[in-house]
Amino acid sequence: MKLSHEFETMTTRRSRTRRLAAALAWSSAGAALAIGVATPAHAQVSNASLRGTVKAEGGVSQVTAINVNTGLTRSVAVSANGSYNIASLPVGTYRLELTTPDGVRRTDEFTLSVGQSAVLDFDFSQPDIASAESDAIIVTGTRIRSLEGGEVGSNITQRQIEVLPQNNRNFLAFADLAPGVQFVTGGNGQSRLQGGAQDSRSVNIFIDGVGQKDYVLKNGVTGQDSTQGNPFPQLAVGEYRVLSSNYKAEFDQVSSVAITAVTKSGTNEFHGEAFIDYTDQSLRDARPNELTTSKVKTKDFQFGGALGGPIIKDMLHFFVTYEGKRQENPVDVRPGLNLPVSYFPSEYQGVFGPTNATFNEDLYFGKLSFQPSNSDLIEVSGKYRKESGEFLSSGINARSTISAQDVEELRVTGRWEHTADNWINDFKLTYEDVKWAPTPVEFGNAFLFAYAGPSPTNPQPGVVVRGDLLRIGGGGNYQNKGQKGWGVQNDFTWTGFEGHTIKVGAKAKWVELNTLQLGNFNPLYTYNTAFDPGGGFNDDVPYRLQFGAQTGNGSPIVNSKNFQFGIYIQDDWEVTDRLTLNLGVRWDYERTPAYLDFVHPTDAVNAVSPANYPNLINANYSINDFISTGSERKAFMGAWQPRIGFSYELDDEARYVLFGGFGRSYDRNQFDFLQQEISVGSYTTRTFNFITGDPENSCVPGPTCVAWDPIYLTEAGRQQLLAGAGPGGGRELRFIDNDLKVPYSDQFSLGFRARVTPLFEAEVGYSHIESKDGFAYLLGNRRPDGTFFPPAPASPGSPFGFAPPGFGSIIIGTNGLKTSADSGYLKLVKNYTAASPWSFAATYTYTEAEENRNFGEVFSLDFPSLDDYPITRSSGVRKHRLVATGSVDLPIGVTLSGKFQIASPPYLKRFIDVGGANPSRNVISNEADGNGDRWGFRQMDIAITKYIPFRFISEESRLRLRVDILNLFNDRNYVDYNNDPTSPDYLSISGNGVGGNPPRTVKLSAGFSF
């Protein structure tokens, strides 16, 4: 009799009586258990571990774990008290061989999952077990326990990845089953991960134990900035685990969501598969802006295949995969401020409406696994990613502003793991080379039509409405950024101390970060369309010109040869039969020469000196704290991160467990912020304001505030402006705090888990996460008396018009962004088994989240300091969120699966001016009304899969035919709301902006596997 069981972990060894009782008590449901929830307690970041006790007359000398698919073998000696510990095993299906005086006893097969730590005990001194000489020892659901420690998260199995519906083949699409995690997909197909009240840059993904962190750009991992692409080929992912808080000391460069995934490997049998997915405009409903017109051409064609098998049986195996994507994505060009298209002159009305943008992606992955001995495993793997196409988001940007995408990513990992009786050493050598380079398709002048005046829909005395309406002409996205370098990391695990699994590790990386940012390479002219003495639409006289120009202060290409180093120690200590403590601490260090060794140009320092700019004499900050001569700055040394977890079993069978934990996790300062101090001084946006008589856009006459002349529409005119502006040329000035800290989060959790039946589990918990020291840019300009706001009774406003003579505004970078999130959650899981072929997983999360800045925003130009920003409810976190998935095997080889999401409406914020004796700014914030005829966000996806066996080829060969119906009920999840508190339509839906999900879409798929 053989059972396939993806079993759970357990953190304490049981007494002989408890273990024997569990072994004999398994029921038919427990015996049939095929897939459980894999949960790490003592294991590696990606590998699994197995330990326990064995007893027999005369003792047990050795325990051997054998991977039934690859032949990988690991043997450990059994200690005098009968305990064994195999601390690192690749994910896969195993059987055990136990050497006793009576011979070798074998277990049936069981499965170890990503990061899993399993405990399995045997007692051959009992008659019922000792007499079963002819049969394999049955590993049942009750024989193996699970306990997760203080971590909060969820496991995503291979079955879930394969059968649950999704529209983009992004393996991360089900990460939102973890409490507090959001997988957000916009209307443009771009997706991101988010944890709690922190934004995407604070996440990290570990593939086979190697972090994929993006050191330059946002969105956390490389290749996920401004793209519809996927971070990794889904065919290559075996399974993954999502941790939303209280991870162990092994995890670095993350302060919110940590994901650890394992890739597939070749086995002793050849296996392969191929697939195609397809949908187009004929297979979807009309979008709201297409109800009176024809549907925009849309195409999503995805295809790929994988092959793995032996080169030398039981020794050398390979696995390769490729996935391609060819898309044409619908985009809406729509007016800002919810104005009707009729507001614009006829020559501009044609740019509005639906259009599309293309996207192409090619993903490759390959892996060689070599097992030269029972003690060694050598792996070499590599990923290559290539993206091209066009980038255009829905909004005010016309098609002429489109940018061409150019993304390349190469990652290579070499790994050598050596195993001994009571220790394991895991050494990795890594290389990465990543490029992200959007480039404008059209070069030429760009024009931004803005609005500043009484509300065009509901004018009220003294109330000024501001907003951007439309941008046309050449695009502004011209960049080339990336990272390249080597890394080494080593993890050493010691199991020689009774009751302890001790792991120490270190990582060093030498990675070169590079940026080229040619902001406003296409000159941008901004018009206030509301200002026209003749009462029409003003597109003749701009009030501002912004264009990029190089200075004599160096190259706009910024390089920084960074050095990163991190160390940690982790001890998983079994204090008693019921209590386990997970104790760890790590320390991280990063040296960024581009920031540390930077010397501010002399003209920039002179520009803010008291002699030239006395406005800062009475300012609320000292500019000297931000000026660098190359010696003031030191790398941050305080990134000590204690991480503590516990779990306590309330009953003998560990069915009820109390758990919790506390930890600090440091992330890093995004290089794209730091490099601006250099790049702005070498190639920067020059800003010139024009005297037009517009009371809403006035300026003080000077080198960068001149009367408008049509010659300024030409290159000669722009050079004339630069010459007249003097040495500063109107360029912006950037200064970053010399005592810059590193963002971090403090995490606390407490919860209760219950294994109600062998197949059904429930968990309820609470987590509190505070993030601090987030990076932000502030406005450094001050009025002549040193104040930020004007005295009464003037209307409040930021002092943009009070820049140093000949220069643009002063922008200062510092720490101070902070968030907090208090979450209560309920998680229910019913596991799939061959005998009970249906599964269910649901997570409800209630979150109270706060922040001192609008979610995801770095530029904070509304108040003089971050301390002046009020703490308000987070605009990036919905208070209620439910995610549920399920699948069931139906007769005649059909599988039905689905995913349902529902969340409360978004939260809106707006800064408003407050006059009176003390003019200032306040924040008005409220929850949006919802989505028209219903409450909040809602989406239901289903998939129907038919399997057709081809047994004349092999037992495992089959054809797969599948239909996915995304957004089954065609819910309209709006993203545009009226955020004008003076409007009678405040908080209601505005326009046709649907970006929360696609319209009802049918996707057709076919695949073949063998």
# chains A, B, ... in the order shown; residues from 1 in each chain; ligands from 1
>>> residues_around(residues="stretch 265-278 of chain A", least_positions_apart="5", cutoff="9 Å", atoms="only C-alpha atoms", output="PyMOL selection string")
chain A and resi 68-71+235-236+238+299-320+367-369+956+960+1002-1010
>>> residues_around(residues="A:Gly485", least_positions_apart="6", cutoff="7 Å", atoms="only C-alpha atoms", output="list in words")
Tyr431, Glu432, Asp433, Trp510, Val511 and Glu512 of chain A
>>> write_last_selection(atoms="N, CA and C atoms", output="PDB file, in the first residue's frame")
ATOM      1  N   TYR A 431      24.887  35.352 -10.026  1.00  0.00           N
ATOM      2  CA  TYR A 431      25.195  36.462 -10.944  1.00  0.00           C
ATOM      3  C   TYR A 431      23.880  37.005 -11.470  1.00  0.00           C
ATOM      4  N   GLU A 432      23.800  38.331 -11.601  1.00  0.00           N
ATOM      5  CA  GLU A 432      22.596  38.965 -12.103  1.00  0.00           C
ATOM      6  C   GLU A 432      22.955  40.134 -13.012  1.00  0.00           C
ATOM      7  N   ASP A 433      22.144  40.325 -14.036  1.00  0.00           N
ATOM      8  CA  ASP A 433      22.328  41.438 -14.971  1.00  0.00           C
ATOM      9  C   ASP A 433      20.937  41.845 -15.444  1.00  0.00           C
ATOM     10  N   TRP A 510      28.510  42.025  -4.568  1.00  0.00           N
ATOM     11  CA  TRP A 510      29.171  43.132  -5.230  1.00  0.00           C
ATOM     12  C   TRP A 510      28.341  43.437  -6.470  1.00  0.00           C
ATOM     13  N   VAL A 511      27.514  44.455  -6.380  1.00  0.00           N
ATOM     14  CA  VAL A 511      26.551  44.709  -7.443  1.00  0.00           C
ATOM     15  C   VAL A 511      26.644  46.174  -7.862  1.00  0.00           C
ATOM     16  N   GLU A 512      26.768  46.367  -9.154  1.00  0.00           N
ATOM     17  CA  GLU A 512      26.836  47.715  -9.704  1.00  0.00           C
ATOM     18  C   GLU A 512      25.439  48.182 -10.083  1.00  0.00           C
TER      19      GLU A 512
END
>>> residues_around(residues="A:Leu469", least_positions_apart="6", cutoff="10 Å", atoms="only C-alpha atoms", output="ChimeraX atom specification")
/A:334-339,344,395-397,448-451,528-529
>>> closest_residue(among="A:Asp976, A:Glu857, A:Glu590, A:Asp540", to="A:Phe563", atoms="only C-alpha atoms")
A:Glu590
>>> residues_around(residues="A:Gln550", least_positions_apart="3", cutoff="12 Å", atoms="only C-alpha atoms", output="PyMOL selection string")
chain A and resi 517-521+547+553-557+678-686+719+722+728-731
>>> decode(residues="stretch 372-408 of chain A", atoms="C-alpha atoms", output="PDB file, in the first residue's frame")
ATOM      1  CA  PRO A 372      27.948  12.855  -7.252  1.00  0.00           C
ATOM      2  CA  SER A 373      27.509  11.195  -3.842  1.00  0.00           C
ATOM      3  CA  ASN A 374      24.987  10.612  -1.102  1.00  0.00           C
ATOM      4  CA  SER A 375      26.418  13.660   0.670  1.00  0.00           C
ATOM      5  CA  ASP A 376      26.514  16.192  -2.151  1.00  0.00           C
ATOM      6  CA  LEU A 377      24.117  18.008  -4.425  1.00  0.00           C
ATOM      7  CA  ILE A 378      25.326  20.436  -7.079  1.00  0.00           C
ATOM      8  CA  GLU A 379      22.855  22.577  -9.028  1.00  0.00           C
ATOM      9  CA  VAL A 380      23.304  25.170 -11.756  1.00  0.00           C
ATOM     10  CA  SER A 381      20.269  27.165 -12.894  1.00  0.00           C
ATOM     11  CA  GLY A 382      19.636  30.236 -14.985  1.00  0.00           C
ATOM     12  CA  LYS A 383      16.784  32.531 -16.010  1.00  0.00           C
ATOM     13  CA  TYR A 384      16.642  34.874 -18.987  1.00  0.00           C
ATOM     14  CA  ARG A 385      13.844  37.352 -19.557  1.00  0.00           C
ATOM     15  CA  LYS A 386      13.251  39.653 -22.520  1.00  0.00           C
ATOM     16  CA  GLU A 387      10.422  42.167 -22.887  1.00  0.00           C
ATOM     17  CA  SER A 388       9.511  44.618 -25.629  1.00  0.00           C
ATOM     18  CA  GLY A 389       6.471  46.521 -26.822  1.00  0.00           C
ATOM     19  CA  GLU A 390       4.789  49.797 -25.930  1.00  0.00           C
ATOM     20  CA  PHE A 391       4.022  51.362 -22.581  1.00  0.00           C
ATOM     21  CA  LEU A 392       0.938  53.520 -22.190  1.00  0.00           C
ATOM     22  CA  SER A 393      -1.340  53.653 -19.169  1.00  0.00           C
ATOM     23  CA  SER A 394      -4.958  54.653 -19.130  1.00  0.00           C
ATOM     24  CA  GLY A 395      -5.363  58.296 -18.166  1.00  0.00           C
ATOM     25  CA  ILE A 396      -4.614  61.713 -19.599  1.00  0.00           C
ATOM     26  CA  ASN A 397      -1.624  60.707 -21.779  1.00  0.00           C
ATOM     27  CA  ALA A 398      -2.403  60.603 -25.499  1.00  0.00           C
ATOM     28  CA  ARG A 399      -1.041  57.830 -27.700  1.00  0.00           C
ATOM     29  CA  SER A 400       1.699  60.125 -29.004  1.00  0.00           C
ATOM     30  CA  THR A 401       3.332  60.000 -25.551  1.00  0.00           C
ATOM     31  CA  ILE A 402       3.882  56.235 -25.744  1.00  0.00           C
ATOM     32  CA  SER A 403       7.236  54.699 -24.749  1.00  0.00           C
ATOM     33  CA  ALA A 404       8.905  51.591 -26.104  1.00  0.00           C
ATOM     34  CA  GLN A 405       9.674  48.909 -23.542  1.00  0.00           C
ATOM     35  CA  ASP A 406      13.091  47.277 -23.316  1.00  0.00           C
ATOM     36  CA  VAL A 407      13.612  44.883 -20.406  1.00  0.00           C
ATOM     37  CA  GLU A 408      16.303  42.215 -20.112  1.00  0.00           C
TER      38      GLU A 408
END
